[in-house]
$ cat input.txt   # compact mmCIF, C-alpha atoms
# COMPACT_ATOMS: atom_id res chain seq x y z
CA MET A 22 95.76 206.76 24.32
CA GLN A 23 96.16 203.27 22.89
CA GLY A 24 95.38 203.31 19.19
CA PHE A 25 95.85 207.03 18.62
CA ARG A 26 98.18 207.71 15.78
CA LYS A 27 98.96 210.03 12.96
CA GLU A 28 101.15 209.72 9.91
CA GLY A 29 104.11 211.95 9.15
CA ILE A 30 106.46 212.07 6.17
CA LEU A 31 110.24 212.53 6.29
CA LYS A 32 112.28 214.52 3.79
CA ASP A 33 113.06 211.38 1.79
CA GLY A 34 109.42 210.37 1.61
CA THR A 35 109.57 207.74 4.38
CA ARG A 36 106.22 207.47 6.14
CA VAL A 37 106.35 207.32 9.93
CA ILE A 38 103.68 206.76 12.54
CA LEU A 39 103.47 209.27 15.38
CA ARG A 40 101.70 208.18 18.55
CA PRO A 41 101.80 208.62 22.32
CA MET A 42 103.83 206.13 24.35
CA VAL A 43 101.75 203.42 26.01
CA ARG A 44 102.48 200.83 28.69
CA GLU A 45 102.97 198.10 26.08
CA ASP A 46 105.99 199.90 24.59
CA ARG A 47 108.51 198.51 27.08
CA ASP A 48 110.31 196.10 24.73
CA LYS A 49 110.21 198.45 21.77
CA LEU A 50 111.74 201.23 23.88
CA ILE A 51 114.50 198.97 25.21
CA ASP A 52 115.29 198.07 21.61
CA PHE A 53 115.21 201.72 20.53
CA PHE A 54 117.53 202.97 23.25
CA SER A 55 119.94 200.10 22.59
CA ARG A 56 120.28 201.60 19.08
CA VAL A 57 120.77 205.22 20.20
CA ALA A 58 124.39 206.26 19.61
CA ASP A 59 126.65 206.76 22.64
CA GLU A 60 127.35 210.37 21.68
CA ASP A 61 123.59 211.06 21.78
CA ARG A 62 123.03 209.06 24.95
CA GLN A 63 125.32 211.39 26.93
CA PHE A 64 122.64 214.09 26.73
CA LEU A 65 119.90 211.98 28.28
CA ARG A 66 119.00 212.35 31.93
CA ASN A 67 118.57 208.69 32.68
CA ASN A 68 120.47 205.51 31.98
CA VAL A 69 118.23 204.38 29.15
CA ARG A 70 120.16 201.15 28.72
CA ASP A 71 118.76 200.01 32.08
CA PRO A 72 115.45 198.17 31.48
CA LYS A 73 114.26 199.26 34.95
CA VAL A 74 114.36 202.88 33.82
CA ILE A 75 112.16 202.05 30.84
CA GLU A 76 109.81 200.02 33.03
CA THR A 77 109.42 202.98 35.38
CA TRP A 78 108.51 205.18 32.43
CA VAL A 79 105.90 202.90 30.88
CA ASN A 80 104.35 202.01 34.23
CA ASN A 81 103.98 205.63 35.33
CA ILE A 82 102.63 207.40 32.28
CA ASP A 83 100.93 210.66 33.21
CA TYR A 84 100.20 212.65 30.06
CA HIS A 85 99.57 215.78 32.13
CA LYS A 86 103.11 215.68 33.46
CA VAL A 87 105.07 214.24 30.56
CA PHE A 88 103.60 213.68 27.12
CA PRO A 89 105.84 211.11 25.38
CA LEU A 90 105.48 211.01 21.60
CA LEU A 91 107.01 208.14 19.66
CA ALA A 92 107.83 207.79 15.97
CA GLU A 93 107.66 204.33 14.43
CA VAL A 94 108.55 202.70 11.15
CA ASP A 95 107.80 199.02 10.51
CA ASP A 96 106.74 198.54 14.12
CA LYS A 97 110.13 199.81 15.36
CA ILE A 98 110.58 202.98 17.39
CA ILE A 99 112.89 205.42 15.59
CA GLY A 100 112.38 208.59 17.65
CA ASP A 101 111.13 209.79 21.02
CA ALA A 102 110.09 213.33 21.92
CA THR A 103 108.81 214.33 25.34
CA LEU A 104 106.93 217.39 26.52
CA HIS A 105 107.49 218.04 30.23
CA MET A 106 104.94 220.17 32.06
CA ARG A 107 104.16 221.61 35.48
CA ARG A 108 100.54 222.03 36.51
CA SER A 109 101.15 224.89 38.92
CA GLY A 110 103.68 227.53 39.85
CA TRP A 111 105.51 230.22 37.95
CA LYS A 112 106.49 227.89 35.12
CA ARG A 113 103.06 226.37 34.56
CA HIS A 114 102.86 228.00 31.11
CA LEU A 115 106.22 226.56 30.04
CA GLY A 116 106.92 223.17 28.53
CA ASN A 117 110.34 221.56 28.22
CA VAL A 118 111.02 219.58 25.08
CA ARG A 119 113.49 216.71 24.73
CA VAL A 120 114.07 214.69 21.58
CA VAL A 121 116.07 211.56 20.75
CA VAL A 122 116.33 210.22 17.21
CA ALA A 123 117.86 206.91 16.14
CA LYS A 124 121.21 207.36 14.39
CA GLU A 125 119.98 206.00 11.04
CA TYR A 126 117.08 208.51 10.99
CA GLN A 127 119.11 211.61 11.79
CA ARG A 128 119.31 214.37 9.12
CA ARG A 129 116.10 213.07 7.54
CA GLY A 130 113.70 215.55 9.14
CA LEU A 131 112.45 213.28 11.93
CA GLY A 132 113.61 215.59 14.73
CA THR A 133 111.79 218.53 13.14
CA LEU A 134 108.67 216.42 12.60
CA LEU A 135 108.59 215.38 16.27
CA ILE A 136 109.29 218.89 17.59
CA ASN A 137 106.61 220.35 15.32
CA GLU A 138 104.07 217.84 16.63
CA ILE A 139 105.03 218.61 20.23
CA ALA A 140 104.75 222.35 19.54
CA GLU A 141 101.27 221.85 18.09
CA LEU A 142 100.28 219.81 21.15
CA ALA A 143 101.54 222.51 23.51
CA THR A 144 98.46 224.70 23.10
CA GLU A 145 96.24 221.74 23.99
CA PHE A 146 97.98 221.64 27.36
CA GLY A 147 97.62 225.39 27.92
CA LEU A 148 101.32 226.06 27.37
CA GLU A 149 102.53 229.37 25.99
CA LYS A 150 106.24 228.80 25.54
CA LEU A 151 108.47 225.83 24.96
CA VAL A 152 112.05 225.57 26.17
CA SER A 153 114.84 223.23 25.19
CA GLU A 154 118.38 222.86 26.50
CA ILE A 155 120.82 221.81 23.80
CA TYR A 156 124.50 220.94 23.71
CA PHE A 157 126.43 223.62 21.81
CA ASN A 158 128.12 221.14 19.52
CA ALA A 159 124.96 219.39 18.32
CA PRO A 160 124.29 221.16 15.02
CA GLY A 161 121.62 218.66 13.96
CA ALA A 162 119.54 219.28 17.08
CA LEU A 163 120.01 223.05 16.85
CA ALA A 164 118.90 223.03 13.22
CA ALA A 165 115.86 220.85 13.97
CA PHE A 166 114.66 223.12 16.78
CA LYS A 167 115.30 226.19 14.66
CA ARG A 168 113.30 224.76 11.76
CA ALA A 169 110.46 223.99 14.17
CA GLY A 170 110.29 227.64 15.24
CA PHE A 171 112.64 227.82 18.24
CA GLY A 172 115.16 230.64 18.66
CA VAL A 173 118.35 230.83 20.73
CA LYS A 174 117.70 232.80 23.92
CA ALA A 175 120.81 232.13 25.96
CA VAL A 176 124.20 230.48 25.83
CA PHE A 177 125.69 229.23 29.08
CA GLU A 178 129.42 228.94 28.56
CA ASP A 179 131.28 225.99 30.07
CA LEU A 180 128.19 224.88 31.94
CA VAL A 181 127.92 221.22 30.98
CA LYS A 182 130.35 218.35 30.43
CA ASP A 183 130.62 216.12 27.40
CA GLN A 184 131.19 212.37 27.55
CA TYR A 185 134.95 212.88 27.95
CA GLY A 186 134.57 215.22 30.91
CA ASN A 187 135.33 218.39 28.96
CA ASN A 188 133.40 221.52 29.79
CA ALA A 189 131.04 222.64 27.05
CA ASP A 190 128.45 225.31 26.33
CA MET A 191 124.72 224.78 26.70
CA ILE A 192 122.21 226.62 24.56
CA VAL A 193 118.69 227.44 25.67
CA MET A 194 116.20 227.68 22.83
CA VAL A 195 112.68 229.04 23.30
CA CYS A 196 109.56 228.98 21.15
CA ASP A 197 106.49 231.17 21.57
CA VAL A 198 103.74 228.75 20.61
CA GLU A 199 101.20 231.26 19.23
CA ALA A 200 103.76 233.31 17.32
CA ARG A 201 105.21 230.12 15.84
CA ARG A 202 101.82 229.13 14.45
CA ASP A 203 101.44 232.49 12.80
CA ARG A 204 104.93 232.34 11.28
CA LEU A 205 104.32 228.84 9.92
CA ARG A 206 101.00 229.91 8.42
CA ALA A 207 102.62 232.94 6.77
CA ARG A 208 105.38 230.69 5.41
CA ALA A 209 102.81 228.21 4.04
CA LEU A 210 100.88 231.02 2.36
CA ALA A 211 104.08 232.41 0.84
CA ASN A 212 104.81 228.97 -0.63
CA LEU A 213 101.41 228.65 -2.31
CA MET B 7 62.20 237.03 21.46
CA LEU B 8 64.60 234.89 19.54
CA SER B 9 64.72 234.56 15.81
CA GLY B 10 67.26 233.38 13.29
CA ARG B 11 67.06 236.62 11.31
CA PRO B 12 68.74 239.86 12.31
CA THR B 13 66.46 242.86 12.58
CA THR B 14 67.33 246.40 11.53
CA GLY B 15 67.05 248.10 14.94
CA GLY B 16 69.13 247.73 18.10
CA MET B 17 69.57 244.12 19.12
CA LYS B 18 70.69 242.11 22.07
CA LEU B 19 73.14 239.59 20.64
CA ALA B 20 74.30 236.42 22.34
CA LEU B 21 77.83 235.47 21.31
CA ILE B 22 78.77 231.83 21.68
CA SER B 23 81.74 230.04 20.18
CA ASP B 24 83.71 226.81 20.04
CA VAL B 25 80.98 224.49 21.29
CA HIS B 26 83.14 221.59 20.10
CA ALA B 27 80.43 218.95 20.48
CA ASN B 28 80.03 219.53 24.22
CA LEU B 29 76.27 219.06 24.58
CA GLU B 30 76.13 219.61 28.34
CA ALA B 31 77.91 222.95 28.03
CA LEU B 32 75.73 224.05 25.10
CA GLN B 33 72.53 223.11 26.95
CA ALA B 34 73.67 225.06 30.02
CA VAL B 35 74.40 228.14 27.93
CA LEU B 36 71.08 227.93 26.05
CA GLN B 37 69.23 227.63 29.37
CA ALA B 38 71.02 230.72 30.62
CA LEU B 39 70.23 232.55 27.37
CA ALA B 40 66.55 231.71 27.73
CA ARG B 41 66.58 234.12 30.69
CA GLU B 42 68.52 236.82 28.80
CA ASN B 43 65.79 237.63 26.26
CA VAL B 44 68.24 237.95 23.37
CA ASP B 45 67.25 238.76 19.78
CA LEU B 46 69.84 236.67 18.04
CA ILE B 47 72.39 234.01 18.94
CA LEU B 48 75.60 233.91 16.93
CA HIS B 49 77.96 230.94 16.97
CA LEU B 50 81.49 231.88 15.94
CA GLY B 51 82.62 228.52 14.59
CA ASP B 52 83.81 225.04 15.63
CA LEU B 53 80.63 223.24 16.49
CA VAL B 54 82.38 219.89 16.29
CA GLY B 55 85.68 218.28 17.31
CA TYR B 56 87.22 217.33 20.68
CA ASN B 57 84.03 216.31 22.55
CA ALA B 58 81.49 213.54 22.10
CA ASN B 59 78.17 214.98 20.84
CA PRO B 60 78.68 216.50 17.37
CA ARG B 61 75.29 215.40 16.00
CA GLU B 62 73.31 216.48 19.03
CA CYS B 63 75.00 219.88 19.13
CA ILE B 64 74.25 220.57 15.46
CA ASP B 65 70.63 219.53 16.03
CA LEU B 66 70.34 221.91 18.97
CA ILE B 67 71.89 224.74 16.96
CA LEU B 68 69.36 224.12 14.18
CA GLU B 69 66.48 223.93 16.66
CA HIS B 70 67.42 227.32 18.14
CA GLN B 71 68.01 228.91 14.71
CA ILE B 72 71.48 230.01 15.72
CA LEU B 73 73.48 231.79 13.03
CA CYS B 74 76.85 230.12 12.56
CA VAL B 75 80.09 230.55 10.69
CA LEU B 76 82.58 227.87 9.68
CA GLY B 77 85.36 226.93 12.08
CA ASN B 78 88.60 225.12 11.28
CA HIS B 79 87.38 221.91 12.97
CA ASP B 80 84.05 222.10 11.11
CA ARG B 81 86.00 222.36 7.87
CA ALA B 82 88.39 219.55 8.82
CA VAL B 83 85.50 217.20 9.62
CA LEU B 84 84.22 217.78 6.08
CA ASP B 85 87.67 217.09 4.63
CA PRO B 86 89.86 215.16 7.12
CA ARG B 87 92.95 215.74 4.97
CA LEU B 88 92.88 219.28 6.36
CA ALA B 89 93.28 217.80 9.85
CA GLU B 90 96.65 216.31 9.00
CA ASP B 91 98.20 219.57 10.19
CA PHE B 92 96.31 219.34 13.50
CA ASN B 93 98.09 217.89 16.52
CA ILE B 94 97.52 214.23 17.28
CA LEU B 95 94.75 214.82 19.87
CA ALA B 96 92.75 217.20 17.68
CA TYR B 97 93.36 214.96 14.66
CA GLN B 98 91.93 211.89 16.39
CA ALA B 99 88.87 213.85 17.48
CA VAL B 100 88.28 215.06 13.91
CA ILE B 101 88.52 211.52 12.54
CA TRP B 102 86.08 210.30 15.20
CA SER B 103 83.66 213.21 14.62
CA GLU B 104 83.68 212.67 10.88
CA GLN B 105 82.42 209.12 11.44
CA GLN B 106 79.56 210.32 13.64
CA LEU B 107 77.95 212.78 11.25
CA THR B 108 74.97 211.97 9.06
CA GLU B 109 74.36 213.51 5.66
CA LYS B 110 72.07 216.10 7.24
CA HIS B 111 74.84 217.27 9.59
CA ARG B 112 77.43 217.36 6.81
CA VAL B 113 75.12 219.44 4.62
CA PHE B 114 74.62 221.86 7.49
CA LEU B 115 78.37 222.30 8.00
CA GLN B 116 79.00 222.56 4.24
CA GLN B 117 76.72 225.56 3.89
CA LEU B 118 78.37 227.56 6.67
CA PRO B 119 80.05 230.75 5.44
CA LEU B 120 83.57 231.85 6.45
CA ASN B 121 82.11 235.07 7.77
CA ARG B 122 78.84 236.96 8.06
CA ILE B 123 77.95 240.62 8.43
CA ILE B 124 75.06 241.58 10.67
CA GLN B 125 73.37 244.96 10.21
CA ASP B 126 76.38 246.19 8.17
CA ARG B 127 78.25 246.92 11.36
CA PHE B 128 79.05 243.56 12.93
CA LEU B 129 81.36 241.03 11.34
CA VAL B 130 81.20 237.42 12.51
CA CYS B 131 84.09 234.98 11.91
CA HIS B 132 86.06 232.17 13.55
CA GLY B 133 89.85 232.75 13.40
CA ASN B 134 90.25 236.10 11.79
CA PRO B 135 87.90 237.82 9.29
CA ILE B 136 89.10 235.72 6.34
CA ASN B 137 90.79 232.63 7.75
CA PRO B 138 89.29 230.16 10.26
CA ASP B 139 92.79 228.78 11.00
CA ALA B 140 94.35 232.12 11.94
CA TYR B 141 94.67 233.20 15.57
CA ILE B 142 94.12 236.54 17.22
CA SER B 143 96.15 236.13 20.41
CA LEU B 144 99.21 238.32 20.07
CA HIS B 145 99.46 242.05 19.51
CA PHE B 146 100.54 241.84 15.88
CA GLN B 147 97.67 239.44 15.16
CA GLY B 148 95.15 241.80 16.75
CA LYS B 149 96.59 244.71 14.80
CA HIS B 150 96.47 242.73 11.57
CA ALA B 151 92.81 241.74 12.08
CA LEU B 152 91.81 245.30 13.02
CA ASN B 153 93.52 246.60 9.89
CA MET B 154 91.60 244.02 7.88
CA LEU B 155 88.35 245.10 9.50
CA ARG B 156 89.05 248.76 8.74
CA ARG B 157 90.25 248.18 5.19
CA ASP B 158 88.07 245.37 3.83
CA PHE B 159 84.85 245.24 5.83
CA ARG B 160 83.61 248.81 6.04
CA PRO B 161 81.25 249.95 7.49
CA ALA B 162 81.65 247.10 10.00
CA THR B 163 83.37 248.32 13.16
CA VAL B 164 83.04 245.29 15.43
CA CYS B 165 84.27 241.78 14.68
CA PHE B 166 83.17 238.82 16.77
CA PHE B 167 85.64 235.95 16.64
CA GLY B 168 86.50 232.69 18.41
CA HIS B 169 89.14 229.98 17.89
CA THR B 170 91.46 230.80 20.80
CA HIS B 171 88.95 229.59 23.44
CA ARG B 172 89.89 232.63 25.51
CA ARG B 173 87.86 235.76 26.16
CA ALA B 174 89.30 238.92 24.65
CA VAL B 175 88.45 242.47 23.63
CA TRP B 176 90.87 244.16 21.24
CA TYR B 177 90.35 247.76 20.19
CA ARG B 178 91.80 250.30 17.78
CA ASP B 179 91.11 253.86 18.82
CA ILE B 180 90.83 256.87 16.50
CA ARG B 181 94.57 257.57 16.91
CA GLY B 182 95.36 254.05 15.70
CA LYS B 183 96.43 252.64 19.06
CA VAL B 184 95.78 248.89 19.33
CA ALA B 185 95.40 247.28 22.75
CA GLN B 186 93.27 244.89 24.79
CA LEU B 187 90.71 245.71 27.44
CA PRO B 188 90.85 243.87 30.76
CA ILE B 189 88.32 241.04 31.01
CA SER B 190 85.68 241.13 33.71
CA GLU B 191 82.15 239.92 34.17
CA GLU B 192 80.95 243.49 34.72
CA PRO B 193 79.25 245.21 31.75
CA ILE B 194 81.81 246.99 29.55
CA ARG B 195 80.64 250.08 27.66
CA LEU B 196 82.49 250.29 24.35
CA ASP B 197 83.34 253.49 22.49
CA GLN B 198 81.43 253.59 19.21
CA GLU B 199 84.28 255.53 17.59
CA ASN B 200 86.66 252.60 18.01
CA LEU B 201 87.07 249.35 16.10
CA TYR B 202 86.71 246.17 18.16
CA LEU B 203 87.54 242.47 18.04
CA ILE B 204 85.50 240.54 20.61
CA ASN B 205 86.01 236.91 21.62
CA PRO B 206 83.40 235.45 24.01
CA GLY B 207 85.60 232.46 24.97
CA SER B 208 84.57 228.87 24.45
CA VAL B 209 81.36 227.10 25.37
CA GLY B 210 82.66 223.56 25.09
CA GLN B 211 86.36 223.73 25.89
CA PRO B 212 87.33 226.91 27.76
CA ARG B 213 91.08 227.46 28.02
CA ASN B 214 91.21 230.25 30.59
CA ARG B 215 91.62 227.82 33.51
CA ILE B 216 88.01 228.44 34.55
CA PRO B 217 86.03 225.24 33.85
CA PHE B 218 82.73 227.00 33.02
CA ALA B 219 81.07 227.46 29.66
CA SER B 220 81.78 230.97 28.45
CA TYR B 221 79.65 233.32 26.36
CA ALA B 222 78.91 237.04 26.00
CA ILE B 223 75.96 239.39 25.52
CA PHE B 224 76.32 242.45 23.31
CA ASP B 225 73.80 245.26 23.10
CA THR B 226 74.18 246.81 19.65
CA SER B 227 72.43 250.07 20.46
CA GLU B 228 74.15 250.83 23.77
CA PHE B 229 77.41 249.15 22.76
CA ILE B 230 77.54 247.32 26.06
CA LEU B 231 79.37 244.00 26.27
CA GLN B 232 79.08 241.56 29.12
CA PHE B 233 80.99 238.31 29.49
CA LYS B 234 79.21 235.47 31.24
CA LEU B 235 80.25 232.12 32.67
CA VAL B 236 77.93 229.24 33.38
CA PRO B 237 78.69 225.95 35.15
CA TYR B 238 77.68 222.74 33.43
CA ASN B 239 77.73 219.01 34.05
CA ILE B 240 81.41 218.34 33.33
CA ASN B 241 81.23 214.78 34.64
CA ALA B 242 78.58 213.83 32.10
CA ALA B 243 80.61 215.35 29.24
CA GLN B 244 83.72 213.54 30.46
CA ARG B 245 81.94 210.18 30.70
CA LYS B 246 80.80 210.48 27.09
CA ILE B 247 84.32 211.29 25.88
CA LEU B 248 85.68 208.23 27.65
CA ALA B 249 82.82 206.04 26.40
CA ALA B 250 83.56 207.20 22.84
CA ASN B 251 87.21 206.15 23.28
CA LEU B 252 88.39 209.64 22.49
CA PRO B 253 91.75 210.56 24.11
CA THR B 254 91.40 210.59 27.90
CA TYR B 255 93.10 213.94 28.12
CA LEU B 256 90.21 215.56 26.25
CA ALA B 257 87.96 214.60 29.19
CA GLU B 258 90.47 215.56 31.88
CA ARG B 259 91.10 219.02 30.48
CA LEU B 260 87.44 220.03 30.84
CA ALA B 261 87.74 219.93 34.61
CA GLU B 262 90.76 222.20 34.52
CA GLY B 263 89.59 224.64 31.86
CA VAL B 264 92.62 224.15 29.59
$ encode --input "input.txt" --output "structure tokens"
Amino acid sequence: MQGFRKEGILKDGTRVILRPMVREDRDKLIDFFSRVADEDRQFLRNNVRDPKVIETWVNNIDYHKVFPLLAEVDDKIIGDATLHMRRSGWKRHLGNVRVVVAKEYQRRGLGTLLINEIAELATEFGLEKLVSEIYFNAPGALAAFKRAGFGVKAVFEDLVKDQYGNNADMIVMVCDVEARRDRLRARALANL
Amino acid sequence: MLSGRPTTGGMKLALISDVHANLEALQAVLQALARENVDLILHLGDLVGYNANPRECIDLILEHQILCVLGNHDRAVLDPRLAEDFNILAYQAVIWSEQQLTEKHRVFLQQLPLNRIIQDRFLVCHGNPINPDAYISLHFQGKHALNMLRRDFRPATVCFFGHTHRRAVWYRDIRGKVAQLPISEEPIRLDQENLYLINPGSVGQPRNRIPFASYAIFDTSEFILQFKLVPYNINAAQRKILAANLPTYLAERLAEGV
């Protein structure tokens, strides 16, 4: 996947490069996650401040299992979206989406740009629906997923804990990939 | 007998779609069709994109006088700005394909129409009857396309389409009910009173988790449809994708039919 890239534009006109993660991204990822705010880091599964975690990721890239999409500006990673897939079983048509955006690029449309790209990729992997689990009190993330065509399907009250140990709600958002495409096309036509 | 011109009587049509520059798959299908004794081969769009032999596939299509319509990837190769809305894998394949084409191939793609009507009764398109980017996958999309067929393309009653890479038969009966027929490789006799949308699946990149090239045969006088699958040399197609430095996943997916 080395060398594959595409350009995207943020709300303020900033041009960003979108491309799959490659093995050579170790140092850039360590730098990126060192800049991710603590309040955002609490939602991540792994300790991304540990270089060994990053090394495990870049040394075990399997695009069939996890497709990691990076956003870059000036050779610096500013966002990371991942599409998690299963190749068999009852959830083989589902993809899970996770997104992290650097603090200074939040509220600029980068989250939506990354989620949109992941949603477009989903059909290439034979996925029908995308699922994302989001912290209730993360309005930026909720708005980004909503703009990208996801809808709230369930709220699990008091299910998760925030960084201070307080119980909090978790929201599950779902996107039907084919229906999303149709909605976006209708919206584009309406804007002509 | 095979000719590039539709006749006025009953015909045996071969429906192929979404070749996507997969030469091995196209050759396998054309070999199978040589035994079918068809009158006309229709390609429902997207000759190029994703796989590694865009030039060779267009040449083969020309050699066999296959009637084609324009697909969204064909259009994007002619104007890569249109591919900016494609996902990163499809986008890279369009950029690569654009660099492979000669003037002759570009001219061929440029003259492809968005749709064609055969014998007044059969509409040929890629996405839906008027838009190569639109999908017919969900119920409301099938209903919308059938309404379009009924309203804007009379007296056509059957629309052949592609784009989804999945076999499908949608119908609208005389009461207005819209539904899909189950897919099988047995001949399916269609009701001439109904309206139909028929997708033969993809030759070059099937997405029904069956890694065979897919096509269909339609008898216009008997209204009998039969889906067919044919194995092809996937390894050879994969090697070419890798040699062309196209995304590895585009090669891997062929073996899985996704």
$ interface_residues --input "input.txt" --of "chain A" --to "chain B" --cutoff "7 Å" --atoms "all atoms listed in the file" --output "VMD selection string"
chain A and resid 22 25 to 27 138 141 to 142 146 to 147
$ atom_distance --input "input.txt" --atom1 "atom CA of Val43 of chain A" --atom2 "atom CA of Val79 of chain A"
6.4 Å
$ atom_distance --input "input.txt" --atom1 "atom CA of Lys112 of chain A" --atom2 "atom CA of Leu50 of chain A"
29.4 Å
$ residues_around --input "input.txt" --residues "Leu104 of chain A" --least-positions-apart "3" --cutoff "12 Å" --atoms "only C-alpha atoms" --output "mmCIF file with C-alpha atoms, keeping the file's coordinate frame"
data_model
loop_
_atom_site.group_PDB
_atom_site.id
_atom_site.type_symbol
_atom_site.label_atom_id
_atom_site.label_comp_id
_atom_site.auth_asym_id
_atom_site.auth_seq_id
_atom_site.Cartn_x
_atom_site.Cartn_y
_atom_site.Cartn_z
ATOM 1 C CA PRO A 41 101.800 208.620 22.320
ATOM 2 C CA MET A 42 103.830 206.130 24.350
ATOM 3 C CA ASP A 83 100.930 210.660 33.210
ATOM 4 C CA TYR A 84 100.200 212.650 30.060
ATOM 5 C CA HIS A 85 99.570 215.780 32.130
ATOM 6 C CA LYS A 86 103.110 215.680 33.460
ATOM 7 C CA VAL A 87 105.070 214.240 30.560
ATOM 8 C CA PHE A 88 103.600 213.680 27.120
ATOM 9 C CA PRO A 89 105.840 211.110 25.380
ATOM 10 C CA LEU A 90 105.480 211.010 21.600
ATOM 11 C CA LEU A 91 107.010 208.140 19.660
ATOM 12 C CA ASP A 101 111.130 209.790 21.020
ATOM 13 C CA ARG A 107 104.160 221.610 35.480
ATOM 14 C CA LEU A 115 106.220 226.560 30.040
ATOM 15 C CA GLY A 116 106.920 223.170 28.530
ATOM 16 C CA ASN A 117 110.340 221.560 28.220
ATOM 17 C CA VAL A 118 111.020 219.580 25.080
ATOM 18 C CA ARG A 119 113.490 216.710 24.730
ATOM 19 C CA VAL A 120 114.070 214.690 21.580
ATOM 20 C CA LEU A 135 108.590 215.380 16.270
ATOM 21 C CA ILE A 136 109.290 218.890 17.590
ATOM 22 C CA ASN A 137 106.610 220.350 15.320
ATOM 23 C CA GLU A 138 104.070 217.840 16.630
ATOM 24 C CA ILE A 139 105.030 218.610 20.230
ATOM 25 C CA ALA A 140 104.750 222.350 19.540
ATOM 26 C CA GLU A 141 101.270 221.850 18.090
ATOM 27 C CA LEU A 142 100.280 219.810 21.150
ATOM 28 C CA ALA A 143 101.540 222.510 23.510
ATOM 29 C CA THR A 144 98.460 224.700 23.100
ATOM 30 C CA GLU A 145 96.240 221.740 23.990
ATOM 31 C CA PHE A 146 97.980 221.640 27.360
ATOM 32 C CA LEU A 148 101.320 226.060 27.370
ATOM 33 C CA LYS A 150 106.240 228.800 25.540
ATOM 34 C CA LEU A 151 108.470 225.830 24.960
ATOM 35 C CA VAL A 152 112.050 225.570 26.170
ATOM 36 C CA SER A 153 114.840 223.230 25.190
#
$ closest_residue --input "input.txt" --among "A:Val74, A:Ala211, A:Leu131, A:Val121" --to "Arg36 of chain A" --atoms "all atoms listed in the file"
A:Leu131
$ closest_residue --input "input.txt" --among "B:Trp176, B:Ala257, B:Leu39, B:Val44" --to "Leu235 of chain B" --atoms "all atoms listed in the file"
B:Leu39
$ residues_around --input "input.txt" --residues "segment 13-22 of chain B" --least-positions-apart "4" --cutoff "7 Å" --atoms "all atoms listed in the file" --output "JSON, numbers by chain"
{"B": [44, 45, 46, 47, 48, 49, 50, 125, 206, 209, 221, 222, 223, 224, 225, 226, 227]}
$ residues_around --input "input.txt" --residues "segment 167-182 of chain A" --least-positions-apart "2" --cutoff "7 Å" --atoms "all atoms listed in the file" --output "PDB file with C-alpha atoms, in the frame of the given file"
ATOM      1  CA  THR A 133     111.790 218.530  13.140  1.00  0.00           C
ATOM      2  CA  ILE A 136     109.290 218.890  17.590  1.00  0.00           C
ATOM      3  CA  ASN A 137     106.610 220.350  15.320  1.00  0.00           C
ATOM      4  CA  LEU A 163     120.010 223.050  16.850  1.00  0.00           C
ATOM      5  CA  ALA A 164     118.900 223.030  13.220  1.00  0.00           C
ATOM      6  CA  ALA A 165     115.860 220.850  13.970  1.00  0.00           C
ATOM      7  CA  GLN A 184     131.190 212.370  27.550  1.00  0.00           C
ATOM      8  CA  GLY A 186     134.570 215.220  30.910  1.00  0.00           C
ATOM      9  CA  ASN A 187     135.330 218.390  28.960  1.00  0.00           C
ATOM     10  CA  ASN A 188     133.400 221.520  29.790  1.00  0.00           C
ATOM     11  CA  ALA A 189     131.040 222.640  27.050  1.00  0.00           C
ATOM     12  CA  ASP A 190     128.450 225.310  26.330  1.00  0.00           C
ATOM     13  CA  MET A 191     124.720 224.780  26.700  1.00  0.00           C
ATOM     14  CA  ILE A 192     122.210 226.620  24.560  1.00  0.00           C
ATOM     15  CA  VAL A 193     118.690 227.440  25.670  1.00  0.00           C
ATOM     16  CA  MET A 194     116.200 227.680  22.830  1.00  0.00           C
ATOM     17  CA  VAL A 195     112.680 229.040  23.300  1.00  0.00           C
ATOM     18  CA  CYS A 196     109.560 228.980  21.150  1.00  0.00           C
ATOM     19  CA  ARG A 201     105.210 230.120  15.840  1.00  0.00           C
TER      20      ARG A 201
END
$ closest_residue --input "input.txt" --among "B:Asn137, B:Glu62, B:Lys246, B:Gln37" --to "Asp203 of chain A" --atoms "only C-alpha atoms"
B:Asn137
$ atom_distance --input "input.txt" --atom1 "atom CA of Ala219 of chain B" --atom2 "atom CA of Leu120 of chain B"
23.8 Å
$ residues_around --input "input.txt" --residues "segment 148-162 of chain B" --least-positions-apart "6" --cutoff "7 Å" --atoms "only C-alpha atoms" --output "list in words"
Asp126, Arg127, Phe128, Leu129, Asn134, Pro135, Ile142, Trp176, Arg178, Val184 and Leu201 of chain B
$ axis_aligned_box --input "input.txt" --around "segment 258-261 of chain B" --padding-each-side "8 Å" --output "JSON"
{"center_x": 89.3, "center_y": 217.8, "center_z": 32.5, "size_x": 19.7, "size_y": 20.5, "size_z": 20.1}
$ residues_near_point --input "input.txt" --point "(86.9, 249.5, 20.0)" --cutoff "9 Å" --atoms "only C-alpha atoms" --output "list in words"
Thr163, Val164, Val175, Trp176, Tyr177, Arg178, Asp179, Val184, Leu196, Asp197, Gln198, Glu199, Asn200, Leu201, Tyr202 and Leu203 of chain B
$ residues_around --input "input.txt" --residues "Ile75 of chain A" --least-positions-apart "6" --cutoff "9 Å" --atoms "all atoms listed in the file" --output "MDAnalysis selection string"
chainID A and resid 47:48 50:51 69
$ closest_residue --input "input.txt" --among "B:Arg181, B:His132, B:Lys234, B:His111" --to "Ile216 of chain B" --atoms "all atoms listed in the file"
B:Lys234
